[in-house]
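Student: I am sharing start09.txt, which consists of compact mmCIF, C-alpha atoms:
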# COMPACT_ATOMS: atom_id res chain seq x y z
CA MET A 23 0.00 0.00 0.00
CA ARG A 24 1.22 3.51 -0.85
CA ARG A 25 2.20 5.92 1.85
CA PRO A 26 -0.46 8.49 2.91
CA LEU A 27 1.81 11.40 1.99
CA GLU A 28 2.06 10.19 -1.62
CA ILE A 29 -1.70 9.70 -1.86
CA LYS A 30 -2.29 13.15 -0.34
CA ALA A 31 -0.04 14.72 -2.98
CA ASP A 32 -1.99 12.93 -5.73
CA GLU A 33 -5.28 14.05 -4.26
CA VAL A 34 -4.15 17.70 -4.20
CA ALA A 35 -3.12 17.39 -7.86
CA ILE A 36 -6.47 15.87 -8.81
CA ARG A 37 -8.35 18.61 -6.92
CA SER A 38 -6.45 21.15 -9.08
CA VAL A 39 -7.62 19.28 -12.17
CA VAL A 40 -11.20 19.44 -10.87
CA SER A 41 -10.92 23.23 -10.42
CA LEU A 42 -9.36 23.64 -13.85
CA THR A 43 -11.94 21.53 -15.69
CA SER A 44 -14.77 23.29 -13.80
CA ALA A 45 -13.43 26.67 -14.94
CA LEU A 46 -13.08 25.47 -18.54
CA GLU A 47 -16.56 23.97 -18.42
CA SER A 48 -18.03 27.31 -17.31
CA LEU A 49 -16.05 29.11 -19.98
CA SER A 50 -17.28 26.72 -22.67
CA SER A 51 -20.84 27.15 -21.46
CA MET A 52 -20.58 30.94 -21.85
CA GLN A 53 -18.98 30.53 -25.28
CA ILE A 54 -21.81 28.25 -26.41
CA ALA A 55 -24.46 30.79 -25.44
CA LYS A 56 -22.60 33.58 -27.23
CA THR A 57 -21.73 31.58 -30.36
CA LYS A 58 -25.21 30.08 -30.65
CA ASN A 59 -26.78 33.51 -30.51
CA ARG A 60 -24.39 34.73 -33.20
CA VAL A 61 -25.16 31.74 -35.45
CA LEU A 62 -28.91 32.31 -35.10
CA ILE A 63 -28.60 35.99 -36.00
CA SER A 64 -26.38 35.26 -38.99
CA ASN A 65 -28.67 32.47 -40.23
CA GLN A 66 -31.51 34.96 -40.58
CA PHE A 67 -29.30 37.16 -42.74
CA PHE A 68 -28.07 34.21 -44.82
CA ASP A 69 -31.63 32.96 -45.38
CA GLU A 70 -32.75 36.30 -46.79
CA VAL A 71 -29.84 36.43 -49.24
CA TRP A 72 -30.44 32.76 -50.14
CA ASN A 73 -34.03 33.60 -50.90
CA ILE A 74 -33.06 36.26 -53.41
CA TYR A 75 -30.48 33.96 -54.95
CA LYS A 76 -33.08 31.20 -55.24
CA GLN A 77 -35.38 33.48 -57.15
CA ILE A 78 -32.76 34.84 -59.50
CA ARG A 79 -30.75 31.71 -60.32
CA VAL A 80 -33.41 29.06 -60.62
CA ASP A 81 -32.22 27.72 -63.97
CA VAL A 82 -28.51 28.39 -63.99
CA LEU A 83 -25.76 25.97 -62.96
CA PHE A 84 -23.51 27.10 -60.19
CA ASN A 85 -20.05 27.94 -61.56
CA PHE A 86 -18.06 28.99 -58.46
CA GLY A 87 -17.97 32.52 -59.85
CA ARG A 88 -15.58 31.42 -62.62
CA SER A 89 -15.67 33.06 -66.00
CA GLU A 90 -16.43 30.75 -68.93
CA GLY A 91 -12.86 30.70 -70.28
CA GLU A 92 -11.26 29.61 -67.00
CA LYS A 93 -10.15 25.97 -66.92
CA PRO A 94 -10.20 24.51 -63.41
CA ILE A 95 -7.71 22.01 -61.93
CA ASP A 96 -9.14 18.55 -62.49
CA LYS A 97 -8.92 17.50 -58.85
CA GLU A 98 -11.21 17.70 -55.88
CA LEU A 99 -10.24 20.14 -53.17
CA LEU A 100 -10.96 18.79 -49.70
CA ILE A 101 -11.56 21.55 -47.17
CA LEU A 102 -11.34 20.63 -43.48
CA ILE A 103 -12.68 22.99 -40.83
CA THR A 104 -11.11 22.11 -37.48
CA ALA A 105 -10.48 23.70 -34.09
CA LYS A 106 -7.64 26.13 -33.47
CA ALA A 107 -6.31 24.07 -30.58
CA GLY A 108 -6.91 20.94 -28.54
CA LEU A 109 -9.30 20.53 -25.58
CA SER A 110 -12.20 20.09 -27.99
CA GLY A 111 -12.88 16.47 -27.25
CA ASP A 112 -12.70 13.96 -30.07
CA ILE A 113 -14.50 16.09 -32.65
CA ASP A 114 -11.41 16.82 -34.76
CA GLN A 115 -10.30 13.21 -34.56
CA ARG A 116 -13.68 12.11 -35.90
CA LEU A 117 -13.44 14.63 -38.71
CA ILE A 118 -9.97 13.37 -39.69
CA ARG A 119 -11.26 9.79 -39.72
CA ARG A 120 -14.12 10.78 -42.06
CA PHE A 121 -11.65 12.66 -44.25
CA GLN A 122 -9.35 9.61 -44.46
CA GLU A 123 -12.23 7.46 -45.74
CA HIS A 124 -12.53 9.82 -48.68
CA TYR A 125 -8.93 10.85 -49.28
CA ASP A 126 -6.87 9.69 -52.26
CA GLU A 127 -3.57 11.51 -52.71
CA SER A 128 -3.71 11.34 -56.52
CA LYS A 129 -7.23 12.73 -56.77
CA HIS A 130 -7.36 15.27 -53.97
CA ASP A 131 -5.67 18.40 -52.73
CA VAL A 132 -6.16 19.37 -49.10
CA LEU A 133 -6.95 22.71 -47.51
CA VAL A 134 -7.10 22.79 -43.73
CA ILE A 135 -8.55 25.51 -41.52
CA GLY A 136 -7.47 25.40 -37.86
CA ARG A 137 -4.13 24.52 -36.28
CA HIS A 138 -5.42 21.42 -34.50
CA GLY A 139 -6.52 19.80 -37.78
CA ALA A 140 -3.14 20.56 -39.35
CA VAL A 141 -1.38 18.81 -36.45
CA LYS A 142 -3.74 15.83 -36.67
CA LEU A 143 -3.12 15.51 -40.41
CA LYS A 144 0.63 15.45 -39.83
CA GLN A 145 0.10 12.66 -37.31
CA VAL A 146 -1.59 10.52 -39.97
CA TYR A 147 1.09 11.43 -42.55
CA VAL A 148 -1.13 13.54 -44.80
CA ASN A 149 0.46 16.62 -46.32
CA TYR A 150 -1.92 19.49 -46.75
CA ASP A 151 -1.56 21.94 -49.63
CA TYR A 152 -3.10 25.04 -48.04
CA TYR A 153 -3.54 26.19 -44.47
CA PHE A 154 -5.56 28.97 -42.80
CA ASP A 155 -6.02 29.81 -39.13
CA LEU A 156 -9.56 29.39 -37.85
CA PRO A 157 -11.07 32.91 -37.84
CA GLU A 158 -12.06 34.09 -34.39
CA GLY A 159 -13.96 37.32 -34.93
CA ASP A 160 -17.48 37.89 -36.20
CA TYR A 161 -16.42 39.05 -39.62
CA ILE A 162 -14.81 36.26 -41.61
CA ASN A 163 -12.83 37.17 -44.70
CA VAL A 164 -13.16 34.07 -46.86
CA ASP A 165 -11.89 35.71 -50.06
CA PRO A 166 -8.43 34.02 -49.97
CA LEU A 167 -10.15 30.67 -49.52
CA MET A 168 -12.54 31.40 -52.38
CA ASP A 169 -9.65 32.26 -54.68
CA ILE A 170 -8.29 28.75 -54.10
CA THR A 171 -11.70 27.06 -54.36
CA ARG A 172 -12.34 28.72 -57.71
CA ARG A 173 -9.25 27.08 -59.20
CA TYR A 174 -10.63 23.56 -58.64
CA ALA A 175 -13.24 21.64 -60.59
CA ARG A 176 -14.83 20.31 -57.41
CA SER A 177 -14.67 21.11 -53.71
CA ARG A 178 -15.82 19.17 -50.69
CA ILE A 179 -16.12 20.59 -47.20
CA PHE A 180 -15.69 18.51 -44.05
CA TYR A 181 -17.19 20.37 -41.13
CA GLN A 182 -18.60 19.91 -37.65
CA ASN A 183 -22.31 20.36 -37.22
CA TYR A 184 -24.04 21.40 -34.01
CA ILE A 185 -27.19 19.36 -33.37
CA SER A 186 -27.52 19.91 -29.63
CA LEU A 187 -25.34 20.37 -26.57
CA GLY A 188 -24.89 16.63 -26.33
CA GLN A 189 -24.61 15.87 -30.03
CA GLN A 190 -22.27 17.20 -32.68
CA THR A 191 -21.94 15.41 -35.99
CA ILE A 192 -19.32 15.34 -38.74
CA GLU A 193 -20.64 16.22 -42.17
CA ASP A 194 -19.10 16.41 -45.61
CA VAL A 195 -20.77 18.06 -48.56
CA ASP A 196 -19.94 18.91 -52.13
CA LEU A 197 -19.75 22.69 -52.16
CA SER A 198 -21.24 23.21 -55.64
CA GLU A 199 -24.02 20.69 -54.86
CA VAL A 200 -25.03 22.38 -51.63
CA VAL A 201 -25.08 25.80 -53.30
CA SER A 202 -27.00 24.69 -56.38
CA SER A 203 -29.44 22.52 -54.41
CA LYS A 204 -30.29 25.41 -52.13
CA GLY A 205 -30.64 27.68 -55.14
CA ARG A 206 -32.81 25.23 -57.04
CA VAL A 207 -36.57 25.44 -56.82
CA ALA A 208 -38.40 22.14 -57.16
CA ASP A 209 -41.23 23.53 -59.24
CA ILE A 210 -40.70 26.79 -61.05
CA ASN A 211 -44.47 27.40 -61.17
CA THR A 212 -44.51 27.65 -57.38
CA VAL A 213 -42.19 30.66 -57.47
CA GLY A 214 -44.94 32.78 -59.04
CA ASP A 215 -44.48 36.52 -58.70
CA ASP A 216 -41.29 36.12 -56.68
CA VAL A 217 -39.13 35.38 -59.72
CA VAL A 218 -36.43 37.99 -60.04
CA SER A 219 -36.07 38.54 -63.77
CA GLU A 220 -35.54 41.42 -66.16
CA LYS A 221 -39.29 41.55 -66.66
CA THR A 222 -40.03 42.22 -63.03
CA TYR A 223 -36.86 43.98 -61.84
CA ILE A 224 -34.39 46.69 -62.74
CA PHE A 225 -30.81 45.42 -62.46
CA GLU A 226 -27.79 47.66 -62.20
CA PRO A 227 -25.29 47.50 -63.79
CA SER A 228 -26.84 44.45 -65.57
CA SER A 229 -28.68 41.24 -64.74
CA TYR A 230 -25.60 39.14 -65.57
CA ALA A 231 -23.31 41.25 -63.41
CA VAL A 232 -25.72 41.09 -60.47
CA ALA A 233 -26.19 37.33 -60.89
CA ALA A 234 -22.43 36.74 -61.03
CA TYR A 235 -21.92 38.93 -57.96
CA LEU A 236 -24.67 37.10 -56.11
CA GLU A 237 -23.15 33.75 -57.03
CA ASN A 238 -19.88 34.84 -55.43
CA SER A 239 -21.74 36.17 -52.41
CA ILE A 240 -23.55 32.89 -51.97
CA LEU A 241 -20.30 30.94 -52.07
CA ARG A 242 -18.80 33.37 -49.55
CA LEU A 243 -21.81 33.07 -47.24
CA THR A 244 -21.93 29.28 -47.54
CA ILE A 245 -18.31 28.91 -46.47
CA SER A 246 -18.81 31.44 -43.66
CA GLN A 247 -21.87 29.55 -42.45
CA PHE A 248 -19.93 26.27 -42.31
CA ILE A 249 -17.21 27.99 -40.29
CA TYR A 250 -19.73 29.47 -37.84
CA ASN A 251 -21.43 26.08 -37.42
CA SER A 252 -18.10 24.36 -36.89
CA ARG A 253 -17.10 26.89 -34.23
CA LEU A 254 -20.36 26.27 -32.39
CA ALA A 255 -19.91 22.50 -32.61
CA GLN A 256 -16.33 22.84 -31.34
CA VAL A 257 -17.29 24.82 -28.24
CA ALA A 258 -20.12 22.36 -27.54
CA SER A 259 -17.69 19.47 -27.91
CA ARG A 260 -15.24 21.24 -25.59
CA PHE A 261 -18.03 21.68 -23.04
CA ARG A 262 -18.82 17.95 -23.20
CA ALA A 263 -15.15 17.03 -22.93
CA MET A 264 -14.66 19.33 -19.93
CA SER A 265 -17.80 18.03 -18.20
CA ALA A 266 -16.61 14.45 -18.69
CA ALA A 267 -13.10 15.35 -17.48
CA LYS A 268 -14.55 17.07 -14.39
CA GLU A 269 -16.70 14.03 -13.60
CA ARG A 270 -13.76 11.67 -14.00
CA SER A 271 -11.44 13.84 -11.89
CA LEU A 272 -14.12 14.11 -9.15
CA GLU A 273 -14.44 10.32 -9.13
CA THR A 274 -10.66 9.93 -8.95
CA ALA A 275 -10.45 12.50 -6.15
CA GLY A 276 -13.12 10.54 -4.22
CA GLU A 277 -11.26 7.25 -4.74
CA LEU A 278 -8.00 8.85 -3.61
CA ARG A 279 -9.68 10.17 -0.47
CA VAL A 280 -10.88 6.64 0.41
CA GLU A 281 -7.41 5.27 -0.33
CA LEU A 282 -5.84 7.99 1.84
CA ASN A 283 -8.14 7.19 4.76
CA ARG A 284 -7.36 3.50 4.44
CA ALA A 285 -3.63 4.19 4.28
CA ARG A 286 -3.81 6.43 7.36
CA ARG A 287 -5.86 3.84 9.24
CA ASN A 288 -3.40 1.17 8.17
CA GLN A 289 -0.49 3.29 9.34
CA VAL A 290 -2.16 3.84 12.73
CA ASP A 291 -2.93 0.12 12.99
CA THR A 292 0.67 -0.80 12.17
CA ARG A 293 2.03 1.62 14.78
CA LEU A 294 -0.47 0.33 17.33
CA LYS A 295 0.59 -3.25 16.59
CA GLU A 296 4.26 -2.28 16.88
CA SER A 297 3.59 -0.50 20.19
CA LEU A 298 1.63 -3.47 21.54
CA ALA A 299 4.37 -5.87 20.42
CA GLY A 300 6.97 -3.63 22.12
CA LEU A 301 4.86 -3.42 25.27
CA LYS A 302 4.53 -7.19 25.36
CA LYS A 303 8.28 -7.52 25.03
CA VAL A 304 8.85 -5.01 27.84
CA ARG A 305 6.34 -6.83 30.05
CA ALA A 306 7.86 -10.18 29.21
CA GLY A 307 11.35 -8.82 30.05
CA GLY A 308 10.10 -7.41 33.40
CA ALA A 309 8.51 -10.71 34.34
CA ALA A 310 11.73 -12.57 33.62
CA MET B 16 -72.19 83.65 -44.69
CA THR B 17 -68.85 83.09 -46.38
CA ASP B 18 -67.87 80.02 -48.31
CA GLN B 19 -65.16 78.40 -46.33
CA LEU B 20 -63.54 75.06 -46.78
CA VAL B 21 -63.85 73.23 -43.52
CA VAL B 22 -61.27 70.51 -43.07
CA PRO B 23 -62.20 68.05 -40.38
CA GLU B 24 -59.59 67.38 -37.73
CA ALA B 25 -59.14 63.74 -38.73
CA ALA B 26 -58.48 64.73 -42.34
CA GLU B 27 -55.81 67.18 -41.21
CA VAL B 28 -53.97 64.40 -39.44
CA SER B 29 -54.25 62.16 -42.47
CA LEU B 30 -52.89 64.84 -44.81
CA ALA B 31 -50.03 65.62 -42.46
CA GLY B 32 -49.01 61.98 -42.37
CA SER B 33 -49.51 61.30 -46.04
CA LYS B 34 -45.90 61.70 -47.13
CA PRO B 35 -45.13 58.23 -48.42
CA THR B 36 -42.52 56.18 -46.60
CA MET B 37 -40.85 52.83 -47.03
CA ALA B 38 -39.41 50.17 -44.75
CA VAL B 39 -35.61 50.25 -44.75
CA LYS B 40 -33.21 47.75 -43.24
CA VAL B 41 -29.44 48.01 -43.56
CA TYR B 42 -27.63 45.11 -41.96
CA ALA B 43 -24.67 42.74 -41.91
CA PRO B 44 -24.66 39.17 -40.53
CA PHE B 45 -24.03 40.40 -36.98
CA GLN B 46 -25.12 44.00 -36.93
CA VAL B 47 -28.19 45.99 -37.85
CA TYR B 48 -27.10 49.48 -38.92
CA PHE B 49 -30.55 50.86 -39.55
CA GLU B 50 -34.07 49.51 -39.38
CA GLY B 51 -37.21 51.61 -39.67
CA GLU B 52 -39.40 53.78 -41.84
CA ALA B 53 -37.67 56.26 -44.13
CA TYR B 54 -38.47 58.80 -46.83
CA SER B 55 -35.46 58.08 -49.02
CA VAL B 56 -32.26 56.10 -49.40
CA SER B 57 -29.27 57.35 -51.41
CA ALA B 58 -26.27 55.31 -52.47
CA GLN B 59 -23.96 54.61 -55.36
CA ASN B 60 -23.52 51.69 -57.74
CA ALA B 61 -21.38 51.04 -60.83
CA VAL B 62 -23.69 53.23 -62.92
CA GLY B 63 -23.50 56.19 -60.53
CA PRO B 64 -25.24 57.80 -57.53
CA PHE B 65 -28.97 57.15 -57.18
CA ASP B 66 -31.90 57.69 -54.81
CA ILE B 67 -34.64 55.28 -53.84
CA LEU B 68 -37.99 56.82 -53.00
CA PRO B 69 -41.29 55.17 -52.05
CA LYS B 70 -43.14 53.49 -54.95
CA HIS B 71 -39.83 52.66 -56.61
CA ARG B 72 -39.88 49.73 -59.04
CA ASN B 73 -38.40 46.40 -58.00
CA PHE B 74 -34.67 46.88 -58.07
CA LEU B 75 -31.58 44.77 -57.44
CA CYS B 76 -28.07 46.13 -57.55
CA MET B 77 -24.56 45.85 -56.16
CA LEU B 78 -23.30 48.90 -54.34
CA VAL B 79 -19.77 50.17 -54.82
CA PRO B 80 -17.82 51.61 -51.85
CA CYS B 81 -19.77 54.73 -50.89
CA GLU B 82 -21.69 56.43 -48.11
CA LEU B 83 -25.27 55.25 -47.97
CA THR B 84 -27.67 57.90 -46.69
CA VAL B 85 -31.05 57.19 -45.12
CA GLN B 86 -33.58 59.95 -44.46
CA PRO B 87 -35.66 58.43 -41.66
CA VAL B 88 -39.16 59.45 -40.66
CA LYS B 89 -37.98 59.92 -37.09
CA GLY B 90 -34.65 61.46 -36.28
CA ASN B 91 -31.79 62.87 -38.26
CA LYS B 92 -30.28 61.74 -41.53
CA ARG B 93 -28.17 58.58 -41.13
CA THR B 94 -24.98 57.96 -43.06
CA ILE B 95 -23.51 54.46 -43.27
CA LYS B 96 -20.20 53.64 -44.86
CA ILE B 97 -20.48 50.83 -47.40
CA ASN B 98 -17.64 48.65 -48.56
CA ARG B 99 -19.51 45.92 -50.38
CA ALA B 100 -23.27 45.43 -50.39
CA LEU B 101 -26.33 44.23 -52.23
CA MET B 102 -29.49 46.33 -52.38
CA HIS B 103 -32.91 44.79 -52.88
CA VAL B 104 -35.97 46.96 -53.39
CA LYS B 105 -39.43 45.48 -53.55
CA ALA B 106 -42.88 46.75 -52.63
CA ASP B 107 -41.71 49.77 -50.61
CA SER B 108 -39.19 47.69 -48.76
CA VAL B 109 -35.48 48.40 -49.11
CA VAL B 110 -32.99 45.88 -47.75
CA VAL B 111 -29.25 46.43 -47.92
CA PHE B 112 -27.14 43.33 -47.25
CA MET B 113 -23.71 44.50 -46.20
CA ASP B 114 -20.46 42.57 -46.55
CA VAL B 115 -21.84 39.95 -48.94
What's the structure tokens form of this structure?
Tutor:
Amino acid sequence: MRRPLEIKADEVAIRSVVSLTSALESLSSMQIAKTKNRVLISNQFFDEVWNIYKQIRVDVLFNFGRSEGEKPIDKELLILITAKAGLSGDIDQRLIRRFQEHYDESKHDVLVIGRHGAVKLKQVYVNYDYYFDLPEGDYINVDPLMDITRRYARSRIFYQNYISLGQQTIEDVDLSEVVSSKGRVADINTVGDDVVSEKTYIFEPSSYAVAAYLENSILRLTISQFIYNSRLAQVASRFRAMSAAKERSLETAGELRVELNRARRNQVDTRLKESLAGLKKVRAGGAA
Amino acid sequence: MTDQLVVPEAAEVSLAGSKPTMAVKVYAPFQVYFEGEAYSVSAQNAVGPFDILPKHRNFLCMLVPCELTVQPVKGNKRTIKINRALMHVKADSVVVFMDV
């Protein structure tokens, strides 16, 4: 059995872990509330722009904002949105596993957003071609990312999706498919008076220029929306990880306390036995 | 007895408030810069400066970097700096989507 002093030192260390995980849990909880609110506000904005796009581009294929003469790279660009650092539970690990199921070095180039994902990719011996830090502020400048996306024939985004506090899923979607499917209207007759065309609207400078601009905007907003969702999923995953860590450290602290009490009791018992044995010897000596 | 046009009190109120207005919203994903009733909106696109007044036809345009001016029903004229935006006008409703 270990000595009480050693167990006491371990218990103190574990109590520090409990305090630390509790603080991180509270921090994550506040971040969730803030990020969720931000995502809800931005979704309203995105939906309104989507609605206009849906009405204007009902019959046109999405072209990533490329001009007709541009020839794209005949590869698929895989975009991974990951956390900026660890302490986010297993969410990045799950994303990397999903990515590996899809990845073929000869067919894909890789763009990673977030330092943690870049580190995880290195660990599985995957070299990424492009890297961006995960944006932290409200305003996300995705233009550099769009410039890269435009060069490729196809792009697929791997991102983390917030379902609830207890559930975050890993999703992967074809970027052009998600944009065109959202922009597509199942039955054009149902659009009715909402169709935005040259008959019903004035466009400036021209309908083509506005449509091309809107197409770029939609791509920009789609990528931004995935980043916002991923950030929310990451903080929720961090909250879960910290709650689990706090629970485990509390359990360990409890077990150490029991072990400490036993060790102390054992120590007292041993000393008592030694004293009794000594006393017996003294008595036996006196009697002789 | 003199002929005198008698305007009832209710009609006076109606005439005073008859200047047409439109609903205006200028916002970005995380910030609403202006939301309310206004008499006019002025901005600039690739063609040049323009004004939107009530009863304007449906209109969709990209704004170039400029200062967008809103003349609200209540309060002073509001000026908002635009970097990149989309303006949508429909049925006396003007929405400016900033940073798209």
Student: Report as a ChimeraX atom specification all protein, DNA and RNA residues lying within 8 Å of Gln53 (chain A), evaluated on all atoms listed in the file, omitting residues in the same chain fewer than 4 positions from it.
Tutor: /A:49,57,257
Student: Generate a file of the selected residues that holds C-alpha atoms, formatted as a PDB file, in the coordinates of the input.
Tutor:
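part08.pdb written:
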ATOM      1  CA  LEU A  49     -16.050  29.110 -19.980  1.00  0.00           C
ATOM      2  CA  THR A  57     -21.730  31.580 -30.360  1.00  0.00           C
ATOM      3  CA  VAL A 257     -17.290  24.820 -28.240  1.00  0.00           C
TER       4      VAL A 257
END
Student: Specify as JSON, numbers by chain all residues of chain A found within 10 Å of chain B, counting only C-alpha atoms.
Tutor: {"A": [59, 60, 61, 62, 63, 64, 65, 66, 67, 68, 70, 71, 74, 160, 161, 162, 163, 218, 219, 220, 221, 222, 223, 224, 225, 226, 227, 228, 229, 231, 232, 233, 235, 236, 238, 239, 240, 241, 242, 243]}
Student: I'd like the neighbourhood of Gly90 (chain B) as an mmCIF file with C-alpha atoms, in the frame of the given file, where a residue qualifies if any of its atoms comes within 12 Å (using only C-alpha atoms), though same-chain residues fewer than 6 positions away should be ignored.
Tutor:
data_model
loop_
_atom_site.group_PDB
_atom_site.id
_atom_site.type_symbol
_atom_site.label_atom_id
_atom_site.label_comp_id
_atom_site.auth_asym_id
_atom_site.auth_seq_id
_atom_site.Cartn_x
_atom_site.Cartn_y
_atom_site.Cartn_z
ATOM 1 C CA PHE B 49 -30.550 50.860 -39.550
ATOM 2 C CA GLY B 51 -37.210 51.610 -39.670
ATOM 3 C CA GLU B 52 -39.400 53.780 -41.840
ATOM 4 C CA ALA B 53 -37.670 56.260 -44.130
ATOM 5 C CA TYR B 54 -38.470 58.800 -46.830
#
Student: Within 10 Å of Thr171 (chain A), counting only C-alpha atoms, which residues qualify if same-chain residues fewer than 5 places away don't, as a list in words?
Tutor: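 In the requested form, the answer reads Phe86, Gly87, Pro94, Ile95, Glu98, Leu99, Leu100, Ile101, Leu133, Asp165, Pro166, Arg176, Ser177, Arg178, Leu197 and Leu241 of chain A.
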Student: Using CA of Ile118 (chain A) and CA of Ile179 (chain A) as the two end points, give the distance in Å to one decimal.
Tutor: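 Straight-line distance from CA of Ile118 (chain A) to CA of Ile179 (chain A) works out to 12.1 Å.
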Student: Between CA of Thr43 (chain A) and CA of Gln182 (chain A), what is the distance in Å, rounded to a tenth?
Tutor: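 These atoms are spaced 23.0 Å apart.
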Student: Using all atoms listed in the file, which of A:Glu273, A:Asp112, A:Asp291, A:Glu296 sits nearest Val39 (chain A)?
Tutor: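 Comparing A:Glu273, A:Asp112, A:Asp291, A:Glu296 against Val39 (chain A), the winner is A:Glu273.
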Student: State, in Å with one decimal place, the distance from CA of Ala255 (chain A) to CA of Ile185 (chain A).
Tutor: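 Going from CA of Ala255 (chain A) over to CA of Ile185 (chain A) covers 8.0 Å.
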Student: Adding 6 Å on each side of the box along x, y and z that holds all listed atoms of region 46-51 of chain B, could you give its centre and edge lengths in Å to one decimal, as JSON?
Tutor:
{"center_x": -31.2, "center_y": 47.8, "center_z": -38.3, "size_x": 24.1, "size_y": 19.6, "size_z": 14.7}
Student: Quick one: of A:Val141, A:Met52, A:Leu278, A:Leu167, who's nearest to Ile245 (chain A), counting all atoms listed in the file?
Tutor: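 Closest to Ile245 (chain A), using all atoms listed in the file: A:Leu167.
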Student: Reconstruct N, CA and C atoms of region 75-94 of chain B from the incomplete input and present them as a JSON list (two decimals), in the coordinates of the input.
Tutor:
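Contents of rebuild-v2.json, as written:
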[["chain", "number", "residue", "atom", "x", "y", "z"],
["B", 75, "LEU", "N", -32.64, 45.57, -58.05],
["B", 75, "LEU", "CA", -31.58, 44.77, -57.44],
["B", 75, "LEU", "C", -30.24, 45.27, -57.96],
["B", 76, "CYS", "N", -29.36, 45.64, -57.07],
["B", 76, "CYS", "CA", -28.07, 46.13, -57.55],
["B", 76, "CYS", "C", -26.97, 45.90, -56.52],
["B", 77, "MET", "N", -25.73, 45.92, -57.05],
["B", 77, "MET", "CA", -24.56, 45.85, -56.16],
["B", 77, "MET", "C", -24.11, 47.27, -55.90],
["B", 78, "LEU", "N", -23.79, 47.56, -54.66],
["B", 78, "LEU", "CA", -23.30, 48.90, -54.34],
["B", 78, "LEU", "C", -21.78, 48.90, -54.40],
["B", 79, "VAL", "N", -21.24, 50.01, -54.83],
["B", 79, "VAL", "CA", -19.77, 50.17, -54.82],
["B", 79, "VAL", "C", -19.42, 50.89, -53.51],
["B", 80, "PRO", "N", -18.15, 50.91, -53.10],
["B", 80, "PRO", "CA", -17.82, 51.61, -51.85],
["B", 80, "PRO", "C", -18.32, 53.06, -51.88],
["B", 81, "CYS", "N", -19.14, 53.40, -50.91],
["B", 81, "CYS", "CA", -19.77, 54.73, -50.89],
["B", 81, "CYS", "C", -20.33, 55.00, -49.50],
["B", 82, "GLU", "N", -20.97, 56.13, -49.36],
["B", 82, "GLU", "CA", -21.69, 56.43, -48.11],
["B", 82, "GLU", "C", -23.18, 56.35, -48.40],
["B", 83, "LEU", "N", -23.84, 55.42, -47.78],
["B", 83, "LEU", "CA", -25.27, 55.25, -47.97],
["B", 83, "LEU", "C", -26.00, 56.20, -47.01],
["B", 84, "THR", "N", -26.96, 56.93, -47.54],
["B", 84, "THR", "CA", -27.67, 57.90, -46.69],
["B", 84, "THR", "C", -29.15, 57.52, -46.59],
["B", 85, "VAL", "N", -29.63, 57.49, -45.36],
["B", 85, "VAL", "CA", -31.05, 57.19, -45.12],
["B", 85, "VAL", "C", -31.68, 58.42, -44.50],
["B", 86, "GLN", "N", -32.83, 58.84, -45.04],
["B", 86, "GLN", "CA", -33.58, 59.95, -44.46],
["B", 86, "GLN", "C", -34.76, 59.35, -43.70],
["B", 87, "PRO", "N", -34.58, 59.12, -42.40],
["B", 87, "PRO", "CA", -35.66, 58.43, -41.66],
["B", 87, "PRO", "C", -36.85, 59.33, -41.34],
["B", 88, "VAL", "N", -37.96, 58.69, -41.06],
["B", 88, "VAL", "CA", -39.16, 59.45, -40.66],
["B", 88, "VAL", "C", -38.91, 60.11, -39.31],
["B", 89, "LYS", "N", -38.29, 59.37, -38.42],
["B", 89, "LYS", "CA", -37.98, 59.92, -37.09],
["B", 89, "LYS", "C", -36.46, 60.10, -36.97],
["B", 90, "GLY", "N", -36.08, 61.25, -36.53],
["B", 90, "GLY", "CA", -34.65, 61.46, -36.28],
["B", 90, "GLY", "C", -33.91, 62.07, -37.46],
["B", 91, "ASN", "N", -32.63, 62.21, -37.26],
["B", 91, "ASN", "CA", -31.79, 62.87, -38.26],
["B", 91, "ASN", "C", -31.34, 61.91, -39.35],
["B", 92, "LYS", "N", -30.81, 62.51, -40.40],
["B", 92, "LYS", "CA", -30.28, 61.74, -41.53],
["B", 92, "LYS", "C", -29.17, 60.80, -41.04],
["B", 93, "ARG", "N", -29.19, 59.56, -41.54],
["B", 93, "ARG", "CA", -28.17, 58.58, -41.13],
["B", 93, "ARG", "C", -27.25, 58.28, -42.30],
["B", 94, "THR", "N", -25.96, 58.28, -42.02],
["B", 94, "THR", "CA", -24.98, 57.96, -43.06],
["B", 94, "THR", "C", -24.22, 56.70, -42.66]]
